[in-house]
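Dumped structure-v8.cif below, it's mmCIF, C-alpha atoms; chains and numbers go by the auth columns:
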data_data
#
loop_
_atom_site.group_PDB
_atom_site.id
_atom_site.type_symbol
_atom_site.label_atom_id
_atom_site.label_comp_id
_atom_site.label_asym_id
_atom_site.label_seq_id
_atom_site.Cartn_x
_atom_site.Cartn_y
_atom_site.Cartn_z
_atom_site.B_iso_or_equiv
_atom_site.auth_seq_id
_atom_site.auth_asym_id
ATOM 1 C CA MET A 1 203.294 103.018 155.985 0.00 7 A
ATOM 2 C CA PRO A 2 200.655 100.935 157.841 0.00 8 A
ATOM 3 C CA THR A 3 201.715 99.070 160.956 0.00 9 A
ATOM 4 C CA PRO A 4 200.117 95.606 160.906 0.00 10 A
ATOM 5 C CA SER A 5 198.919 93.851 164.032 0.00 11 A
ATOM 6 C CA PRO A 6 201.309 91.201 165.318 0.00 12 A
ATOM 7 C CA ALA A 7 200.576 87.715 163.960 0.00 13 A
ATOM 8 C CA THR A 8 201.364 86.078 167.299 0.00 14 A
ATOM 9 C CA GLY A 9 201.788 87.162 170.879 0.00 15 A
ATOM 10 C CA PRO A 10 199.939 89.895 172.727 0.00 16 A
ATOM 11 C CA ARG A 11 197.956 92.390 170.688 0.00 17 A
ATOM 12 C CA LEU A 12 198.112 95.827 172.222 0.00 18 A
ATOM 13 C CA PRO A 13 195.032 98.074 172.150 0.00 19 A
ATOM 14 C CA LEU A 14 194.843 100.558 169.284 0.00 20 A
ATOM 15 C CA SER A 15 192.968 103.855 169.594 0.00 21 A
ATOM 16 C CA LEU A 16 191.985 106.802 167.440 0.00 22 A
ATOM 17 C CA GLU A 17 190.765 110.213 168.637 0.00 23 A
ATOM 18 C CA VAL A 18 188.522 112.458 166.559 0.00 24 A
ATOM 19 C CA GLY A 19 187.197 115.613 168.189 0.00 25 A
ATOM 20 C CA ASP A 20 185.793 114.625 171.580 0.00 26 A
ATOM 21 C CA LEU A 21 185.379 110.965 170.500 0.00 27 A
ATOM 22 C CA THR A 22 187.772 108.082 171.024 0.00 28 A
ATOM 23 C CA VAL A 23 187.522 104.608 169.525 0.00 29 A
ATOM 24 C CA CYS A 24 189.618 101.938 171.200 0.00 30 A
ATOM 25 C CA PHE A 25 190.140 98.505 169.635 0.00 31 A
ATOM 26 C CA THR A 26 191.016 95.633 171.991 0.00 32 A
ATOM 27 C CA TRP A 27 191.765 91.988 171.226 0.00 33 A
ATOM 28 C CA GLN A 28 188.940 89.727 172.428 0.00 34 A
ATOM 29 C CA ASP A 29 189.389 85.948 172.051 0.00 35 A
ATOM 30 C CA ASP A 30 189.903 85.637 168.272 0.00 36 A
ATOM 31 C CA ARG A 31 189.059 89.143 166.965 0.00 37 A
ATOM 32 C CA TRP A 32 189.225 92.881 167.579 0.00 38 A
ATOM 33 C CA ALA A 33 186.310 94.445 169.462 0.00 39 A
ATOM 34 C CA HIS A 34 185.936 98.195 169.854 0.00 40 A
ATOM 35 C CA GLU A 35 184.332 100.834 172.008 0.00 41 A
ATOM 36 C CA VAL A 36 183.520 104.428 171.098 0.00 42 A
ATOM 37 C CA VAL A 37 183.557 106.890 174.007 0.00 43 A
ATOM 38 C CA GLY A 38 182.142 110.407 173.769 0.00 44 A
ATOM 39 C CA GLY A 39 183.469 113.441 175.601 0.00 45 A
ATOM 40 C CA ASP A 40 180.457 113.249 177.909 0.00 46 A
ATOM 41 C CA GLY A 41 181.334 109.665 178.896 0.00 47 A
ATOM 42 C CA ARG A 42 178.657 107.912 176.838 0.00 48 A
ATOM 43 C CA ARG A 43 179.868 104.597 175.418 0.00 49 A
ATOM 44 C CA TRP A 44 178.987 102.358 172.494 0.00 50 A
ATOM 45 C CA ARG A 45 180.598 98.887 172.654 0.00 51 A
ATOM 46 C CA SER A 46 180.644 96.577 169.624 0.00 52 A
ATOM 47 C CA VAL A 47 178.776 93.306 170.064 0.00 53 A
ATOM 48 C CA GLU A 48 180.898 90.373 168.932 0.00 54 A
ATOM 49 C CA GLY A 49 179.926 86.771 168.284 0.00 55 A
ATOM 50 C CA PRO A 50 176.831 85.296 166.618 0.00 56 A
ATOM 51 C CA GLY A 51 174.324 87.776 165.202 0.00 57 A
ATOM 52 C CA ALA A 52 170.580 88.186 165.466 0.00 58 A
ATOM 53 C CA ALA A 53 169.546 85.455 163.033 0.00 59 A
ATOM 54 C CA GLY A 54 169.674 82.197 164.937 0.00 60 A
ATOM 55 C CA GLY A 55 173.196 82.473 166.314 0.00 61 A
ATOM 56 C CA ASP A 56 174.881 81.408 163.052 0.00 62 A
ATOM 57 C CA PRO A 57 178.631 82.171 163.526 0.00 63 A
ATOM 58 C CA ARG A 58 178.970 82.770 159.762 0.00 64 A
ATOM 59 C CA TRP A 59 176.855 85.920 160.288 0.00 65 A
ATOM 60 C CA PRO A 60 178.214 87.666 163.376 0.00 66 A
ATOM 61 C CA ALA A 61 176.556 90.584 165.176 0.00 67 A
ATOM 62 C CA SER A 62 179.379 92.873 163.972 0.00 68 A
ATOM 63 C CA PRO A 63 182.046 92.527 161.270 0.00 69 A
ATOM 64 C CA VAL A 64 184.814 90.151 162.297 0.00 70 A
ATOM 65 C CA LEU A 65 188.169 91.956 162.334 0.00 71 A
ATOM 66 C CA VAL A 66 191.354 89.948 162.794 0.00 72 A
ATOM 67 C CA GLU A 67 193.966 92.390 161.476 0.00 73 A
ATOM 68 C CA LEU A 68 194.200 96.128 162.144 0.00 74 A
ATOM 69 C CA SER A 69 196.516 98.833 160.870 0.00 75 A
ATOM 70 C CA ARG A 70 196.789 102.481 161.842 0.00 76 A
ATOM 71 C CA LEU A 71 198.017 104.906 159.206 0.00 77 A
ATOM 72 C CA GLU A 72 198.407 108.615 158.627 0.00 78 A
ATOM 73 C CA THR A 73 196.488 110.118 155.712 0.00 79 A
ATOM 74 C CA THR A 74 196.397 113.650 154.329 0.00 80 A
ATOM 75 C CA ARG A 75 193.249 114.220 156.465 0.00 81 A
ATOM 76 C CA GLY A 76 194.727 112.681 159.609 0.00 82 A
ATOM 77 C CA PRO A 77 194.954 109.255 161.222 0.00 83 A
ATOM 78 C CA ALA A 78 192.818 106.294 160.161 0.00 84 A
ATOM 79 C CA VAL A 79 192.356 102.659 161.154 0.00 85 A
ATOM 80 C CA LEU A 80 191.933 99.890 158.578 0.00 86 A
ATOM 81 C CA GLY A 81 190.773 96.369 159.404 0.00 87 A
ATOM 82 C CA VAL A 82 190.078 93.076 157.652 0.00 88 A
ATOM 83 C CA GLY A 83 188.590 89.763 158.711 0.00 89 A
ATOM 84 C CA ARG A 84 186.541 86.757 157.758 0.00 90 A
ATOM 85 C CA ALA A 85 183.465 84.849 158.955 0.00 91 A
ATOM 86 C CA GLY A 86 182.401 81.669 157.196 0.00 92 A
ATOM 87 C CA ARG A 87 183.157 82.165 153.512 0.00 93 A
ATOM 88 C CA SER A 88 182.663 85.953 153.555 0.00 94 A
ATOM 89 C CA HIS A 89 185.258 88.686 154.087 0.00 95 A
ATOM 90 C CA PHE A 90 184.983 92.049 155.859 0.00 96 A
ATOM 91 C CA SER A 91 186.945 95.279 155.528 0.00 97 A
ATOM 92 C CA LEU A 92 186.663 98.417 157.650 0.00 98 A
ATOM 93 C CA SER A 93 187.973 101.969 157.664 0.00 99 A
ATOM 94 C CA VAL A 94 187.580 104.414 160.546 0.00 100 A
ATOM 95 C CA ASP A 95 188.568 108.095 160.357 0.00 101 A
ATOM 96 C CA ALA A 96 187.279 111.644 160.765 0.00 102 A
ATOM 97 C CA ASP A 97 184.237 112.278 158.589 0.00 103 A
ATOM 98 C CA PRO A 98 185.310 114.510 155.658 0.00 104 A
ATOM 99 C CA THR A 99 182.179 116.681 155.896 0.00 105 A
ATOM 100 C CA ASP A 100 182.331 117.102 159.684 0.00 106 A
ATOM 101 C CA PRO A 101 185.765 116.433 161.207 0.00 107 A
ATOM 102 C CA GLY A 102 184.239 116.190 164.715 0.00 108 A
ATOM 103 C CA TRP A 103 182.433 113.002 163.691 0.00 109 A
ATOM 104 C CA LEU A 104 184.018 109.531 163.664 0.00 110 A
ATOM 105 C CA ARG A 105 183.132 107.730 160.396 0.00 111 A
ATOM 106 C CA PHE A 106 182.975 103.934 159.962 0.00 112 A
ATOM 107 C CA GLU A 107 182.838 102.456 156.445 0.00 113 A
ATOM 108 C CA ILE A 108 182.396 98.696 156.097 0.00 114 A
ATOM 109 C CA ALA A 109 182.318 96.282 153.174 0.00 115 A
ATOM 110 C CA CYS A 110 181.475 92.595 153.127 0.00 116 A
ATOM 111 C CA ARG A 111 182.325 90.356 150.184 0.00 117 A
ATOM 112 C CA LEU A 112 179.481 87.838 150.275 0.00 118 A
ATOM 113 C CA GLN A 113 179.959 84.277 149.081 0.00 119 A
ATOM 114 C CA GLU A 114 176.504 83.122 150.251 0.00 120 A
ATOM 115 C CA PRO A 115 173.240 84.904 151.154 0.00 121 A
ATOM 116 C CA PRO A 116 173.503 86.468 154.638 0.00 122 A
ATOM 117 C CA ALA A 117 171.282 85.537 157.556 0.00 123 A
ATOM 118 C CA TRP A 118 172.266 88.878 159.162 0.00 124 A
ATOM 119 C CA LEU A 119 174.618 91.585 157.980 0.00 125 A
ATOM 120 C CA GLY A 120 175.470 94.761 159.870 0.00 126 A
ATOM 121 C CA SER A 121 177.062 96.284 162.959 0.00 127 A
ATOM 122 C CA THR A 122 175.673 95.946 166.502 0.00 128 A
ATOM 123 C CA TYR A 123 176.492 98.062 169.559 0.00 129 A
ATOM 124 C CA HIS A 124 175.565 98.174 173.240 0.00 130 A
ATOM 125 C CA GLY A 125 174.866 101.889 173.673 0.00 131 A
ATOM 126 C CA PRO A 126 173.556 104.193 176.386 0.00 132 A
ATOM 127 C CA THR A 127 169.945 103.285 175.520 0.00 133 A
ATOM 128 C CA GLY A 128 170.415 99.560 174.757 0.00 134 A
ATOM 129 C CA LEU A 129 171.258 97.627 171.596 0.00 135 A
ATOM 130 C CA VAL A 130 171.666 99.517 168.325 0.00 136 A
ATOM 131 C CA ARG A 131 171.902 97.736 164.961 0.00 137 A
ATOM 132 C CA ILE A 132 173.108 99.375 161.769 0.00 138 A
ATOM 133 C CA ALA A 133 172.484 97.353 158.628 0.00 139 A
ATOM 134 C CA PRO A 134 172.835 97.864 154.880 0.00 140 A
ATOM 135 C CA GLY A 135 169.107 97.241 154.440 0.00 141 A
ATOM 136 C CA LEU A 136 167.668 94.691 152.062 0.00 142 A
ATOM 137 C CA VAL A 137 170.549 92.877 150.383 0.00 143 A
ATOM 138 C CA THR A 138 169.357 92.269 146.827 0.00 144 A
ATOM 139 C CA ALA A 139 172.650 91.345 145.180 0.00 145 A
ATOM 140 C CA ARG A 140 173.262 87.658 144.498 0.00 146 A
ATOM 141 C CA PRO A 141 176.584 86.276 145.764 0.00 147 A
ATOM 142 C CA PRO A 142 179.328 86.691 145.035 0.00 148 A
ATOM 143 C CA ALA A 143 178.736 90.386 145.695 0.00 149 A
ATOM 144 C CA THR A 144 180.066 93.238 147.809 0.00 150 A
ATOM 145 C CA VAL A 145 177.716 95.038 150.210 0.00 151 A
ATOM 146 C CA THR A 146 178.691 98.253 151.991 0.00 152 A
ATOM 147 C CA TRP A 147 177.324 100.345 154.835 0.00 153 A
ATOM 148 C CA ALA A 148 178.560 103.426 156.649 0.00 154 A
ATOM 149 C CA TYR A 149 177.738 105.332 159.796 0.00 155 A
ATOM 150 C CA ALA A 150 179.212 108.053 161.961 0.00 156 A
ATOM 151 C CA PHE A 151 179.399 108.732 165.679 0.00 157 A
ATOM 152 C CA SER A 152 179.029 112.150 167.221 0.00 158 A
ATOM 153 C CA SER A 153 178.841 112.834 170.926 0.00 159 A
ATOM 154 C CA GLY A 154 175.048 112.602 170.395 0.00 160 A
ATOM 155 C CA GLY A 155 174.979 109.052 169.005 0.00 161 A
ATOM 156 C CA ILE A 156 175.131 107.022 165.795 0.00 162 A
ATOM 157 C CA LEU A 157 173.937 108.248 162.404 0.00 163 A
ATOM 158 C CA PRO A 158 173.712 105.990 159.300 0.00 164 A
ATOM 159 C CA LEU A 159 175.347 107.661 156.290 0.00 165 A
ATOM 160 C CA GLY A 160 173.533 107.735 152.954 0.00 166 A
ATOM 161 C CA GLU A 161 172.439 104.939 150.722 0.00 167 A
ATOM 162 C CA THR A 162 174.571 101.842 150.380 0.00 168 A
ATOM 163 C CA ARG A 163 174.887 99.242 147.656 0.00 169 A
ATOM 164 C CA GLY A 164 172.238 96.623 148.325 0.00 170 A
ATOM 165 C CA GLY A 165 169.924 99.143 150.030 0.00 171 A
ATOM 166 C CA GLY A 166 170.151 101.554 152.946 0.00 172 A
ATOM 167 C CA GLY A 167 168.961 100.898 156.452 0.00 173 A
ATOM 168 C CA PRO A 168 168.619 103.069 159.521 0.00 174 A
ATOM 169 C CA ALA A 169 170.232 102.562 162.878 0.00 175 A
ATOM 170 C CA SER A 170 167.586 100.818 164.926 0.00 176 A
ATOM 171 C CA PRO A 171 167.576 100.753 168.720 0.00 177 A
ATOM 172 C CA GLU A 172 166.353 97.484 170.182 0.00 178 A
ATOM 173 C CA ASP A 173 164.863 96.980 173.621 0.00 179 A
#

What does the file become when written as structure tokens?
Amino acid sequence: MPTPSPATGPRLPLSLEVGDLTVCFTWQDDRWAHEVVGGDGRRWRSVEGPGAAGGDPRWPASPVLVELSRLETTRGPAVLGVGRAGRSHFSLSVDADPTDPGWLRFEIACRLQEPPAWLGSTYHGPTGLVRIAPGLVTARPPATVTWAYAFSSGGILPLGETRGGGGPASPED
């Protein structure tokens, strides 16, 4: 049975280990932020707050997560999260990738109620900013857009095509 985050009071960090990777979620102001740490010490920290397109808080740099649950599945532990920015809603799952259990897989969905100015996940990584986006969003709201990526000790890899298009992870200088 999932254990929900407390509605009030302190929110304790939540972590998940997969192979030599650890993701740790910590409460930051009004949402959960996270950091992925590889066995070699390399780190990727989620960027929270307004995104790339003009600082519009309805389109944050990374999905807004306000509730987290950790649960045990037949494949091992997983973390589920939900949140909201503007009129749109986010959901997230994090677990071991089914095709390579040493990889940490992130799957994200956003239920759009208006066209996005920016949609995706942003990290501060060892080589600078990295953005992972679903690509060109062609669906008219209301619509659900998904994207997925996985971490290995070597970095971030976008996973397959997503509804609304598929986009690569792009480092930014």

* Identify all residues satisfying the PyMOL selection byres ((chain A and resi 65) around 7) in the given file; provide them as a PyMOL selection string. => chain A and resi 56-57+62-64+66-67+91+122-125

* Selected by the PyMOL selection byres ((chain A and resi 156) around 7) in the shown coordinates: which residues, as a count of residues only? -> 11

* Please provide the set of residues having any atom within 12 Å of segment 73-87 of chain A, restricted to all atoms listed in the file, with same-chain residues fewer than 6 positions apart removed, written as a ChimeraX atom specification. => /A:7-14,17-25,29-33,36-40,95-107,110-116

* To do: Enter the distance from atom CA of Gly134 of chain A to atom CA of Val72 of chain A, in Å, rounded to one decimal.
  =>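 That distance, rounded to one decimal, is 26.0 Å.
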
* Between atom CA of Val70 of chain A and atom CA of Thr144 of chain A - distance in Å to one decimal -> 22.0 Å

Can you pull out the residues contacting Glu120 of chain A? Cut-off 9 Å, using only C-alpha atoms, and skip same-chain residues under 5 positions away; I want them as a PDB file with C-alpha atoms, in the coordinates of the input.
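Result went into out-v2.pdb, see below:
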ATOM      1  CA  ARG A  93     183.157  82.165 153.512  1.00  0.00           C
ATOM      2  CA  SER A  94     182.663  85.953 153.555  1.00  0.00           C
ATOM      3  CA  ARG A 146     173.262  87.658 144.498  1.00  0.00           C
ATOM      4  CA  PRO A 147     176.584  86.276 145.764  1.00  0.00           C
ATOM      5  CA  PRO A 148     179.328  86.691 145.035  1.00  0.00           C
ATOM      6  CA  ALA A 149     178.736  90.386 145.695  1.00  0.00           C
TER       7      ALA A 149
END

* To do: Would you mind telling me which residue in A:Gly45, A:Gly92, A:Gly161, A:Pro140 lies nearest to Gly126 of chain A when using all atoms listed in the file?
  => A:Pro140

* Nearest to Gln119 of chain A, chosen from A:Gly141, A:Glu54, A:Leu135, A:Thr150, with all atoms listed in the file counted in the distances ->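 Closest residue, counting all atoms listed in the file: A:Thr150.
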
* Among listed residues A:Pro69, A:Pro121, A:Pro16, A:Gly131, nearest Gly160 of chain A (using all atoms listed in the file) ->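 Selected residue with least distance to Gly160 of chain A: A:Gly131.
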
* To do: Enter the distance from atom CA of Ala154 of chain A to atom CA of Trp50 of chain A, in Å, rounded to one decimal.
  =>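 Calculated distance between atom CA of Ala154 of chain A and atom CA of Trp50 of chain A is 15.9 Å.
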
With a distance cut-off of 10 Å and all atoms listed in the file, select the neighbouring residues of Gly47 of chain A, excluding the residue or stretch itself and same-chain residues fewer than 6 positions from it, and output the selection as an mmCIF file with C-alpha atoms, in the frame of the given file.
data_model
loop_
_atom_site.group_PDB
_atom_site.id
_atom_site.type_symbol
_atom_site.label_atom_id
_atom_site.label_comp_id
_atom_site.auth_asym_id
_atom_site.auth_seq_id
_atom_site.Cartn_x
_atom_site.Cartn_y
_atom_site.Cartn_z
ATOM 1 C CA ASP A 26 185.793 114.625 171.580
ATOM 2 C CA LEU A 27 185.379 110.965 170.500
ATOM 3 C CA PRO A 132 173.556 104.193 176.386
ATOM 4 C CA SER A 159 178.841 112.834 170.926
#

Can you tell me, as JSON, the centre and edge lengths (Å, one decimal) of the axis-aligned box enclosing all of segment 81-84 of chain A's listed atoms after padding each side by 6 Å?
{"center_x": 193.9, "center_y": 110.3, "center_z": 158.8, "size_x": 14.1, "size_y": 19.9, "size_z": 16.8}
